[in-house]
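Structure file model16.cif (mmCIF, C-alpha atoms) is printed below.
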```cif
data_structure
#
loop_
_atom_site.label_atom_id
_atom_site.label_comp_id
_atom_site.auth_asym_id
_atom_site.auth_seq_id
_atom_site.Cartn_x
_atom_site.Cartn_y
_atom_site.Cartn_z
CA MET A 1 0.00 0.00 0.00
CA CYS A 2 1.04 3.56 -0.58
CA ALA A 3 0.00 4.88 2.82
CA GLY A 4 -0.89 3.48 6.18
CA GLY A 5 2.42 1.90 7.16
CA SER A 6 2.50 0.28 10.55
CA GLY A 7 5.06 0.03 13.31
CA SER A 8 5.52 3.79 13.68
CA GLU A 9 7.32 4.73 16.85
CA GLY A 10 7.20 7.95 18.79
CA PRO A 11 4.35 10.37 19.29
CA ASP A 12 1.86 10.89 16.47
CA PRO A 13 2.40 14.46 15.24
CA GLY A 14 -1.00 14.43 13.51
CA PHE A 15 -1.52 14.98 9.81
CA LYS A 16 -0.57 18.65 9.79
CA GLY A 17 2.39 17.94 12.05
CA ALA A 18 3.57 15.18 9.72
CA LYS A 19 3.31 17.65 6.82
CA PHE A 20 5.48 20.09 8.77
CA LEU A 21 8.06 17.39 9.56
CA ALA A 22 8.16 16.32 5.90
CA TRP A 23 8.54 19.97 4.84
CA LEU A 24 11.42 20.43 7.29
CA LYS A 25 13.08 17.24 6.14
CA ARG A 26 12.92 18.27 2.48
CA ASN A 27 14.51 21.55 3.53
CA GLY A 28 17.60 19.72 4.79
CA ALA A 29 16.17 18.90 8.25
CA ALA A 30 16.96 22.39 9.52
CA LYS A 31 15.42 25.78 8.82
CA ASN A 32 15.50 29.14 10.54
CA LEU A 33 13.00 29.52 13.34
CA THR A 34 11.11 32.46 11.81
CA THR A 35 10.38 30.58 8.60
CA CYS A 36 9.31 27.51 10.59
CA LEU A 37 6.82 29.60 12.54
CA LYS A 38 5.43 30.97 9.26
CA LYS A 39 5.10 27.46 7.86
CA LEU A 40 3.35 26.23 11.01
CA ARG A 41 0.83 29.05 10.63
CA HIS A 42 0.42 28.25 6.93
CA LEU A 43 -0.48 24.71 7.94
CA GLY A 44 -2.85 25.94 10.63
CA LEU A 45 -0.66 24.91 13.56
CA GLU A 46 0.60 26.86 16.53
CA PRO A 47 4.20 26.43 17.75
CA ASP A 48 2.92 25.63 21.22
CA ASP A 49 0.98 22.70 19.78
CA SER A 50 3.96 21.31 17.95
CA ILE A 51 7.70 21.99 18.15
CA ARG A 52 7.67 22.86 21.83
CA VAL A 53 5.64 19.86 22.92
CA TRP A 54 7.38 17.28 20.75
CA GLU A 55 10.24 15.51 22.46
CA SER A 56 13.48 17.47 22.24
CA ASP A 57 15.48 14.45 21.18
CA ARG A 58 13.36 14.33 18.02
CA ILE A 59 13.06 18.01 17.10
CA CYS A 60 14.52 21.03 18.85
CA GLU A 61 15.59 24.62 18.57
CA ALA A 62 19.31 24.93 17.92
CA SER A 63 21.81 27.67 17.21
CA SER A 64 23.61 28.16 13.96
CA ARG A 65 25.79 31.11 13.00
CA GLY A 66 24.26 33.25 15.69
CA GLY A 67 20.67 32.55 14.67
CA LYS A 68 17.99 30.18 15.89
CA VAL A 69 16.99 27.21 13.76
CA VAL A 70 14.62 24.29 14.14
CA TRP A 71 16.47 21.03 13.75
CA LEU A 72 14.75 17.75 12.95
CA LYS A 73 17.06 15.22 14.60
CA ASP A 74 14.96 12.10 14.37
CA LEU A 75 14.53 11.60 10.64
CA SER A 76 13.10 8.11 10.98
CA TRP A 77 10.31 9.42 13.21
CA ALA A 78 9.39 11.93 10.46
CA ASP A 79 9.69 9.19 7.81
CA ASP A 80 7.43 6.82 9.69
CA TRP A 81 4.62 9.33 10.04
CA ALA A 82 5.03 10.66 6.50
CA SER A 83 4.53 7.07 5.39
CA VAL A 84 1.50 6.59 7.65
CA TYR A 85 -0.15 9.73 6.24
CA GLY A 86 0.90 8.96 2.66
CA ILE A 87 2.99 12.10 2.13
CA GLU A 88 6.45 10.64 1.58
CA VAL A 89 6.61 11.24 -2.17
CA PRO A 90 4.15 13.07 -4.43
CA HIS A 91 2.88 10.40 -6.70
CA HIS A 92 0.95 10.06 -9.92
CA ALA A 93 -0.32 6.71 -8.66
CA GLN A 94 -2.07 8.19 -5.63
CA PRO A 95 -5.80 8.03 -6.27
CA ILE A 96 -7.52 11.41 -6.75
CA GLU A 97 -9.51 10.94 -3.49
CA THR A 98 -6.27 10.41 -1.57
CA LYS A 99 -4.75 13.53 -3.09
CA GLU A 100 -7.78 15.60 -2.11
CA LYS A 101 -7.72 14.19 1.41
CA LEU A 102 -4.06 15.18 1.76
CA ARG A 103 -4.79 18.88 1.23
CA MET B 1 27.12 28.19 37.08
CA TYR B 2 27.64 26.99 33.56
CA ASP B 3 30.24 24.44 32.66
CA LEU B 4 32.53 26.62 30.55
CA ARG B 5 33.51 23.85 28.19
CA ALA B 6 31.29 22.92 25.29
CA ARG B 7 30.15 19.28 25.44
CA ARG B 8 29.81 16.92 22.54
CA ARG B 9 26.82 14.62 22.61
CA THR B 10 25.29 12.03 20.39
CA MET B 11 21.55 11.85 20.04
CA ASN B 12 19.73 9.63 17.55
CA GLY B 13 23.10 8.87 16.01
CA VAL B 14 23.78 12.56 15.28
CA ARG B 15 26.75 14.23 16.96
CA HIS B 16 26.19 17.75 18.07
CA THR B 17 27.65 20.27 20.46
CA ILE B 18 26.01 21.83 23.47
CA THR B 19 27.57 25.21 24.23
CA ALA B 20 28.51 26.48 27.66
CA ARG B 21 25.17 28.31 27.78
CA GLY B 22 23.33 25.07 27.17
CA ASP B 23 22.39 25.87 23.54
CA ILE B 24 22.40 23.01 21.08
CA GLN B 25 24.60 23.77 18.07
CA LEU B 26 23.53 22.62 14.62
CA PRO B 27 26.28 20.36 13.17
CA LYS B 28 28.56 22.36 10.87
CA ALA B 29 27.91 20.05 7.91
CA MET B 30 24.20 20.88 8.09
CA ALA B 31 24.82 24.60 8.46
CA VAL B 32 26.61 24.87 5.10
CA GLY B 33 23.53 24.71 2.89
CA LEU B 34 21.12 26.05 5.50
CA GLY B 35 18.30 28.07 3.96
CA LYS B 36 19.53 27.54 0.41
CA PRO B 37 17.33 25.67 -2.06
CA PHE B 38 18.58 22.10 -2.57
CA GLY B 39 21.56 22.79 -0.32
CA GLY B 40 22.76 25.56 -2.62
CA MET B 41 23.81 23.21 -5.42
CA PHE B 42 22.13 25.36 -8.09
CA GLY B 43 22.66 28.69 -6.34
CA ASP B 44 20.00 30.71 -4.57
CA THR B 45 17.66 32.44 -7.01
CA ALA B 46 14.05 33.54 -6.56
CA GLU B 47 12.79 30.79 -8.89
CA LEU B 48 14.67 28.15 -6.90
CA ARG B 49 13.31 29.38 -3.60
CA VAL B 50 9.74 29.15 -4.86
CA LEU B 51 10.47 25.72 -6.33
CA GLN B 52 12.03 24.50 -3.06
CA GLU B 53 8.94 25.62 -1.14
CA ILE B 54 6.64 23.70 -3.49
CA VAL B 55 8.85 20.58 -3.42
CA ALA B 56 9.03 20.70 0.37
CA ASP B 57 5.25 20.63 0.76
CA PRO B 58 3.42 19.50 -2.36
CA TYR B 59 0.23 18.75 -0.41
CA SER B 60 -0.78 22.34 0.33
CA ASP B 61 -2.33 25.07 -1.76
CA TYR B 62 -0.60 28.43 -1.94
CA THR B 63 -1.67 31.98 -2.60
CA GLN B 64 0.97 34.33 -3.92
CA GLN B 65 1.03 35.97 -0.48
CA ASP B 66 1.75 32.58 1.18
CA LEU B 67 4.79 32.16 -1.05
CA VAL B 68 5.93 35.74 -0.41
CA GLN B 69 5.88 35.03 3.33
CA LEU B 70 7.47 31.60 3.18
CA THR B 71 10.24 32.52 0.76
CA GLU B 72 10.81 36.07 2.03
CA LEU B 73 10.86 37.30 -1.57
CA SER B 74 9.13 40.29 -3.12
CA ASP B 75 5.81 40.00 -4.98
CA PRO B 76 7.38 40.38 -8.45
CA SER B 77 10.05 37.76 -7.68
CA VAL B 78 7.44 35.25 -6.50
CA ARG B 79 5.29 35.98 -9.56
CA LYS B 80 8.28 35.30 -11.79
CA GLY B 81 9.03 32.05 -9.95
CA ILE B 82 5.42 30.90 -10.21
CA SER B 83 5.31 31.61 -13.94
CA VAL B 84 8.29 29.30 -14.46
CA LEU B 85 6.63 26.54 -12.42
CA LEU B 86 3.34 26.96 -14.29
CA ARG B 87 5.19 26.70 -17.59
CA HIS B 88 6.80 23.44 -16.50
CA GLY B 89 3.56 22.00 -15.16
CA ILE B 90 4.89 21.76 -11.60
CA VAL B 91 2.02 23.85 -10.23
CA LYS B 92 -1.39 24.69 -11.59
CA ASN B 93 -3.75 27.54 -10.86
CA VAL B 94 -6.88 26.02 -9.32
CA SER B 95 -8.66 29.29 -8.59
CA ARG B 96 -11.92 29.95 -10.37
CA THR B 97 -11.30 33.67 -10.42
CA ASN B 98 -8.42 35.47 -12.06
CA ARG B 99 -8.19 38.03 -9.30
CA ARG B 100 -7.07 35.65 -6.55
CA PRO B 101 -5.00 32.84 -8.01
CA MET B 102 -4.50 29.75 -5.89
CA TYR B 103 -1.59 27.51 -6.80
CA ARG B 104 -1.65 23.76 -6.28
CA PRO B 105 1.43 21.58 -6.80
CA ASN B 106 0.83 19.08 -9.58
CA THR B 107 1.56 15.77 -7.84
CA ASP B 108 1.27 14.02 -11.22
CA SER B 109 4.38 15.87 -12.40
CA LYS B 110 7.38 13.58 -12.75
CA LYS B 111 9.63 16.61 -12.39
CA LEU B 112 8.13 17.28 -8.95
CA THR B 113 8.68 13.65 -7.91
CA ALA B 114 12.28 13.69 -9.16
CA LEU B 115 12.97 16.94 -7.33
CA THR B 116 11.61 15.38 -4.14
CA PHE B 117 14.19 12.61 -4.51
CA LEU B 118 16.84 15.29 -5.04
CA ALA B 119 15.82 17.07 -1.82
CA TYR B 120 16.24 13.75 0.03
CA ALA B 121 19.59 13.09 -1.68
CA VAL B 122 20.91 16.48 -0.58
CA LEU B 123 19.89 15.69 3.01
CA ASP B 124 21.39 12.18 2.89
CA GLU B 125 24.79 13.47 1.82
CA VAL B 126 24.88 15.85 4.77
CA ALA B 127 23.18 13.82 7.48
CA GLY B 128 24.28 10.34 6.41
CA SER B 129 20.65 9.24 6.28
CA ASP B 130 18.96 6.87 3.84
CA SER B 131 15.92 8.95 2.96
CA MET B 132 16.26 8.88 -0.81
CA ASN B 133 16.48 5.08 -1.00
CA GLU B 134 13.48 4.79 1.32
CA ALA B 135 11.50 7.23 -0.81
CA VAL B 136 12.40 5.43 -4.05
CA ARG B 137 11.38 2.10 -2.51
CA HIS B 138 8.08 3.61 -1.36
CA TYR B 139 7.51 5.12 -4.81
CA CYS B 140 8.08 1.76 -6.51
CA GLU B 141 5.74 -0.02 -4.09
CA CYS B 142 3.07 2.58 -4.83
CA ASP B 143 3.53 2.14 -8.55
CA ALA B 144 3.13 -1.63 -8.23
CA SER B 145 0.02 -1.45 -6.05
CA SER B 146 -1.51 1.15 -8.36
CA ALA B 147 -0.91 -1.08 -11.37
CA GLU B 148 -2.72 -3.93 -9.61
CA GLN B 149 -5.64 -1.64 -8.77
CA LEU B 150 -5.91 -0.56 -12.40
CA LEU B 151 -5.93 -4.11 -13.55
CA LEU B 152 -8.71 -4.99 -11.13
CA ALA B 153 -10.73 -1.98 -12.24
CA ASP B 154 -10.79 -2.74 -15.94
CA GLY B 155 -10.98 -6.51 -15.66
CA SER B 156 -7.61 -7.18 -17.23
CA THR B 157 -4.88 -9.45 -16.00
CA LEU B 158 -1.25 -8.66 -15.39
CA ILE B 159 1.43 -10.42 -17.32
CA ASP B 160 4.56 -10.49 -15.23
CA TYR B 161 7.38 -9.77 -17.61
CA GLY B 162 9.76 -11.78 -15.48
CA ALA B 163 7.83 -14.92 -16.36
CA SER B 164 6.84 -14.02 -19.89
CA SER B 165 8.93 -14.68 -22.93
CA ALA B 166 6.93 -12.08 -24.84
CA GLY B 167 7.91 -9.27 -22.52
CA GLU B 168 10.99 -7.42 -21.59
CA ASN B 169 12.29 -7.99 -18.08
CA LEU B 170 13.07 -4.59 -16.63
CA GLY B 171 15.09 -6.04 -13.75
CA GLY B 172 15.74 -4.52 -10.32
CA GLY B 173 12.41 -5.69 -8.94
CA SER B 174 10.40 -3.45 -11.28
CA TYR B 175 8.04 -4.65 -13.92
CA ALA B 176 6.22 -3.20 -16.82
CA VAL B 177 2.47 -3.41 -17.05
CA MET B 178 0.92 -5.34 -19.88
CA THR B 179 -2.76 -6.05 -19.82
CA GLU B 180 -4.83 -8.76 -21.36
CA LYS B 181 -8.62 -8.63 -21.43
CA VAL B 182 -10.23 -11.67 -19.83
#
```
Take the structure in the file and write it out as structure tokens.
Amino acid sequence: MCAGGSGSEGPDPGFKGAKFLAWLKRNGAAKNLTTCLKKLRHLGLEPDDSIRVWESDRICEASSRGGKVVWLKDLSWADDWASVYGIEVPHHAQPIETKEKLR
Amino acid sequence: MYDLRARRRTMNGVRHTITARGDIQLPKAMAVGLGKPFGGMFGDTAELRVLQEIVADPYSDYTQQDLVQLTELSDPSVRKGISVLLRHGIVKNVSRTNRRPMYRPNTDSKKLTALTFLAYAVLDEVAGSDSMNEAVRHYCECDASSAEQLLLADGSTLIDYGASSAGENLGGGSYAVMTEKV
């Protein structure tokens, strides 16, 4: 199956949270904090519902060149949930209904 | 009192430094391409920033203002970037009115899929992860299951090329679809 993988470990970030994790991962697993906050709002999430409540050994705020960044440390956690929600790779084979559901 | 020496720690297999103030430092290897589209391998132009944003989340719809905010570019630069993506079929305008365009990534675009693999490849080279291989495997599994669904839908049967002398074995676990009406 394309989506719905099993055996995912770690807290369920929810669909929007999984989209954020996948976005961060495709941005090199680190992005400046300001942009991350904008993306969270674009997805309809609040930082207090996400980054700051997720475990810090999976995702955390870090410093880089004097600025603050969000760093996704646990890539396999993000992978697992991207797979569960069917958002790992955009795909021509995903049925139209699935694509609509993913938006 | 802070310990004045920075400490090195390993978490989830990733080595990082915790400064004397207790801040976690992003590994230097990851900081090199930070904020640059595709790790900076093609430079850092307006078009690339818009493209990176679409590749990073192809399951959302975007107004021009969304892209202005997310890319930190000006309106004209975003417009220029969008026009390139529209021309290449990577996004489409799904708005019913001309006044407020809404852009939706075209998940049927092979270019978009390939660029997703590239984004994973860039990460893998820096973080030592295996994301691209995982994504390719997932993509191939999806292709196979979709082929089976199509065959069920139109009442045809699948001829596995590996077992057929008439077909061409594509190797590497992939197969081509050939249908036969029952």
(request) Would you be able to write out as a ChimeraX atom specification which residues have an atom within 12 Å of (0.5, 29.9, -3.3) in the file's coordinates, counting all atoms listed in the file? (result) /A:42 /B:50-51,53-54,57-71,75,78-79,81-83,85-86,91-95,100-105
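Of the listed residues (A:Leu45, A:Ile59, A:Leu72, A:Val89), A:Val89 comes nearest to chain B; the distances count all atoms listed in the file.
The space separating atom CA of Cys140 of chain B from atom CA of Leu48 of chain B comes to 27.2 Å.
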Hits from the PyMOL selection byres ((chain B) within 8 of (chain A)), listed as a PDB file with C-alpha atoms, keeping the file's coordinate frame:
```pdb
ATOM      1  CA  MET B  11      21.550  11.850  20.040  1.00  0.00           C
ATOM      2  CA  ASN B  12      19.730   9.630  17.550  1.00  0.00           C
ATOM      3  CA  VAL B  14      23.780  12.560  15.280  1.00  0.00           C
ATOM      4  CA  ASP B  23      22.390  25.870  23.540  1.00  0.00           C
ATOM      5  CA  ILE B  24      22.400  23.010  21.080  1.00  0.00           C
ATOM      6  CA  GLN B  25      24.600  23.770  18.070  1.00  0.00           C
ATOM      7  CA  LEU B  26      23.530  22.620  14.620  1.00  0.00           C
ATOM      8  CA  MET B  30      24.200  20.880   8.090  1.00  0.00           C
ATOM      9  CA  ALA B  31      24.820  24.600   8.460  1.00  0.00           C
ATOM     10  CA  GLY B  33      23.530  24.710   2.890  1.00  0.00           C
ATOM     11  CA  LEU B  34      21.120  26.050   5.500  1.00  0.00           C
ATOM     12  CA  GLY B  35      18.300  28.070   3.960  1.00  0.00           C
ATOM     13  CA  PRO B  37      17.330  25.670  -2.060  1.00  0.00           C
ATOM     14  CA  PHE B  38      18.580  22.100  -2.570  1.00  0.00           C
ATOM     15  CA  GLY B  39      21.560  22.790  -0.320  1.00  0.00           C
ATOM     16  CA  GLN B  52      12.030  24.500  -3.060  1.00  0.00           C
ATOM     17  CA  VAL B  55       8.850  20.580  -3.420  1.00  0.00           C
ATOM     18  CA  ALA B  56       9.030  20.700   0.370  1.00  0.00           C
ATOM     19  CA  ASP B  57       5.250  20.630   0.760  1.00  0.00           C
ATOM     20  CA  PRO B  58       3.420  19.500  -2.360  1.00  0.00           C
ATOM     21  CA  TYR B  59       0.230  18.750  -0.410  1.00  0.00           C
ATOM     22  CA  SER B  60      -0.780  22.340   0.330  1.00  0.00           C
ATOM     23  CA  ASP B  61      -2.330  25.070  -1.760  1.00  0.00           C
ATOM     24  CA  ASP B  66       1.750  32.580   1.180  1.00  0.00           C
ATOM     25  CA  GLN B  69       5.880  35.030   3.330  1.00  0.00           C
ATOM     26  CA  LEU B  70       7.470  31.600   3.180  1.00  0.00           C
ATOM     27  CA  THR B 107       1.560  15.770  -7.840  1.00  0.00           C
ATOM     28  CA  ASP B 108       1.270  14.020 -11.220  1.00  0.00           C
ATOM     29  CA  SER B 109       4.380  15.870 -12.400  1.00  0.00           C
ATOM     30  CA  LYS B 110       7.380  13.580 -12.750  1.00  0.00           C
ATOM     31  CA  LEU B 112       8.130  17.280  -8.950  1.00  0.00           C
ATOM     32  CA  THR B 113       8.680  13.650  -7.910  1.00  0.00           C
ATOM     33  CA  THR B 116      11.610  15.380  -4.140  1.00  0.00           C
ATOM     34  CA  ALA B 119      15.820  17.070  -1.820  1.00  0.00           C
ATOM     35  CA  TYR B 120      16.240  13.750   0.030  1.00  0.00           C
ATOM     36  CA  VAL B 122      20.910  16.480  -0.580  1.00  0.00           C
ATOM     37  CA  LEU B 123      19.890  15.690   3.010  1.00  0.00           C
ATOM     38  CA  SER B 129      20.650   9.240   6.280  1.00  0.00           C
ATOM     39  CA  SER B 131      15.920   8.950   2.960  1.00  0.00           C
ATOM     40  CA  ALA B 135      11.500   7.230  -0.810  1.00  0.00           C
ATOM     41  CA  HIS B 138       8.080   3.610  -1.360  1.00  0.00           C
ATOM     42  CA  TYR B 139       7.510   5.120  -4.810  1.00  0.00           C
ATOM     43  CA  GLU B 141       5.740  -0.020  -4.090  1.00  0.00           C
ATOM     44  CA  CYS B 142       3.070   2.580  -4.830  1.00  0.00           C
ATOM     45  CA  ASP B 143       3.530   2.140  -8.550  1.00  0.00           C
ATOM     46  CA  SER B 145       0.020  -1.450  -6.050  1.00  0.00           C
ATOM     47  CA  SER B 146      -1.510   1.150  -8.360  1.00  0.00           C
TER      48      SER B 146
END
```
(request) Enter the distance from atom CA of Val126 of chain B to atom CA of Arg41 of chain A, in Å, rounded to one decimal. (result) 28.1 Å
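Our summary of the geometry notes that atom CA of Pro11 of chain A is positioned 12.1 Å from atom CA of Ile51 of chain A.
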(message) Which residue is closest to Glu134 of chain B? Choose from B:Asn106, B:Glu72, B:Arg99, B:Ala121 and count only C-alpha atoms.
(response) B:Ala121
Write segment 15-42 of chain A as a PDB file, in the frame of the given file, completed to N, CA and C atoms.
```
ATOM      1  N   PHE A  15      -1.737  14.813  11.251  1.00  0.00           N
ATOM      2  CA  PHE A  15      -1.520  14.980   9.810  1.00  0.00           C
ATOM      3  C   PHE A  15      -0.775  16.269   9.480  1.00  0.00           C
ATOM      4  N   LYS A  16      -1.229  17.365  10.078  1.00  0.00           N
ATOM      5  CA  LYS A  16      -0.570  18.650   9.790  1.00  0.00           C
ATOM      6  C   LYS A  16       0.865  18.651  10.327  1.00  0.00           C
ATOM      7  N   GLY A  17       1.043  18.029  11.485  1.00  0.00           N
ATOM      8  CA  GLY A  17       2.390  17.940  12.050  1.00  0.00           C
ATOM      9  C   GLY A  17       3.304  17.112  11.167  1.00  0.00           C
ATOM     10  N   ALA A  18       2.770  16.026  10.622  1.00  0.00           N
ATOM     11  CA  ALA A  18       3.570  15.180   9.720  1.00  0.00           C
ATOM     12  C   ALA A  18       3.948  15.957   8.460  1.00  0.00           C
ATOM     13  N   LYS A  19       3.007  16.810   7.990  1.00  0.00           N
ATOM     14  CA  LYS A  19       3.310  17.650   6.820  1.00  0.00           C
ATOM     15  C   LYS A  19       4.449  18.620   7.158  1.00  0.00           C
ATOM     16  N   PHE A  20       4.409  19.170   8.362  1.00  0.00           N
ATOM     17  CA  PHE A  20       5.480  20.090   8.770  1.00  0.00           C
ATOM     18  C   PHE A  20       6.816  19.355   8.847  1.00  0.00           C
ATOM     19  N   LEU A  21       6.808  18.156   9.430  1.00  0.00           N
ATOM     20  CA  LEU A  21       8.060  17.390   9.560  1.00  0.00           C
ATOM     21  C   LEU A  21       8.614  17.046   8.168  1.00  0.00           C
ATOM     22  N   ALA A  22       7.722  16.653   7.261  1.00  0.00           N
ATOM     23  CA  ALA A  22       8.160  16.320   5.900  1.00  0.00           C
ATOM     24  C   ALA A  22       8.722  17.557   5.199  1.00  0.00           C
ATOM     25  N   TRP A  23       8.065  18.692   5.420  1.00  0.00           N
ATOM     26  CA  TRP A  23       8.540  19.970   4.840  1.00  0.00           C
ATOM     27  C   TRP A  23       9.947  20.296   5.356  1.00  0.00           C
ATOM     28  N   LEU A  24      10.112  20.121   6.682  1.00  0.00           N
ATOM     29  CA  LEU A  24      11.420  20.430   7.290  1.00  0.00           C
ATOM     30  C   LEU A  24      12.494  19.486   6.757  1.00  0.00           C
ATOM     31  N   LYS A  25      12.117  18.240   6.628  1.00  0.00           N
ATOM     32  CA  LYS A  25      13.080  17.240   6.140  1.00  0.00           C
ATOM     33  C   LYS A  25      13.522  17.561   4.709  1.00  0.00           C
ATOM     34  N   ARG A  26      12.566  17.950   3.869  1.00  0.00           N
ATOM     35  CA  ARG A  26      12.920  18.270   2.480  1.00  0.00           C
ATOM     36  C   ARG A  26      13.649  19.600   2.370  1.00  0.00           C
ATOM     37  N   ASN A  27      13.698  20.323   3.480  1.00  0.00           N
ATOM     38  CA  ASN A  27      14.510  21.550   3.530  1.00  0.00           C
ATOM     39  C   ASN A  27      15.851  21.276   4.192  1.00  0.00           C
ATOM     40  N   GLY A  28      16.292  20.045   4.214  1.00  0.00           N
ATOM     41  CA  GLY A  28      17.600  19.720   4.790  1.00  0.00           C
ATOM     42  C   GLY A  28      17.569  19.456   6.281  1.00  0.00           C
ATOM     43  N   ALA A  29      16.367  19.244   6.831  1.00  0.00           N
ATOM     44  CA  ALA A  29      16.170  18.900   8.250  1.00  0.00           C
ATOM     45  C   ALA A  29      16.484  20.049   9.197  1.00  0.00           C
ATOM     46  N   ALA A  30      16.746  21.225   8.663  1.00  0.00           N
ATOM     47  CA  ALA A  30      16.960  22.390   9.520  1.00  0.00           C
ATOM     48  C   ALA A  30      16.537  23.644   8.757  1.00  0.00           C
ATOM     49  N   LYS A  31      15.898  24.550   9.465  1.00  0.00           N
ATOM     50  CA  LYS A  31      15.420  25.780   8.820  1.00  0.00           C
ATOM     51  C   LYS A  31      15.338  26.853   9.886  1.00  0.00           C
ATOM     52  N   ASN A  32      15.510  28.100   9.492  1.00  0.00           N
ATOM     53  CA  ASN A  32      15.500  29.140  10.540  1.00  0.00           C
ATOM     54  C   ASN A  32      14.140  29.220  11.215  1.00  0.00           C
ATOM     55  N   LEU A  33      14.188  29.578  12.472  1.00  0.00           N
ATOM     56  CA  LEU A  33      13.000  29.520  13.340  1.00  0.00           C
ATOM     57  C   LEU A  33      11.854  30.365  12.797  1.00  0.00           C
ATOM     58  N   THR A  34      12.169  31.560  12.300  1.00  0.00           N
ATOM     59  CA  THR A  34      11.110  32.460  11.810  1.00  0.00           C
ATOM     60  C   THR A  34      10.328  31.818  10.676  1.00  0.00           C
ATOM     61  N   THR A  35      11.058  31.210   9.732  1.00  0.00           N
ATOM     62  CA  THR A  35      10.380  30.580   8.600  1.00  0.00           C
ATOM     63  C   THR A  35       9.550  29.393   9.079  1.00  0.00           C
ATOM     64  N   CYS A  36      10.071  28.652  10.052  1.00  0.00           N
ATOM     65  CA  CYS A  36       9.310  27.510  10.590  1.00  0.00           C
ATOM     66  C   CYS A  36       7.999  27.976  11.210  1.00  0.00           C
ATOM     67  N   LEU A  37       8.053  29.095  11.920  1.00  0.00           N
ATOM     68  CA  LEU A  37       6.820  29.600  12.540  1.00  0.00           C
ATOM     69  C   LEU A  37       5.814  30.012  11.469  1.00  0.00           C
ATOM     70  N   LYS A  38       6.325  30.593  10.371  1.00  0.00           N
ATOM     71  CA  LYS A  38       5.430  30.970   9.260  1.00  0.00           C
ATOM     72  C   LYS A  38       4.806  29.724   8.636  1.00  0.00           C
ATOM     73  N   LYS A  39       5.624  28.689   8.469  1.00  0.00           N
ATOM     74  CA  LYS A  39       5.100  27.460   7.860  1.00  0.00           C
ATOM     75  C   LYS A  39       4.064  26.800   8.772  1.00  0.00           C
ATOM     76  N   LEU A  40       4.325  26.809  10.067  1.00  0.00           N
ATOM     77  CA  LEU A  40       3.350  26.230  11.010  1.00  0.00           C
ATOM     78  C   LEU A  40       2.010  26.957  10.875  1.00  0.00           C
ATOM     79  N   ARG A  41       2.073  28.281  10.770  1.00  0.00           N
ATOM     80  CA  ARG A  41       0.830  29.050  10.630  1.00  0.00           C
ATOM     81  C   ARG A  41       0.163  28.737   9.289  1.00  0.00           C
ATOM     82  N   HIS A  42       0.974  28.594   8.241  1.00  0.00           N
ATOM     83  CA  HIS A  42       0.420  28.250   6.930  1.00  0.00           C
ATOM     84  C   HIS A  42      -0.329  26.920   6.971  1.00  0.00           C
TER      85      HIS A  42
END
```
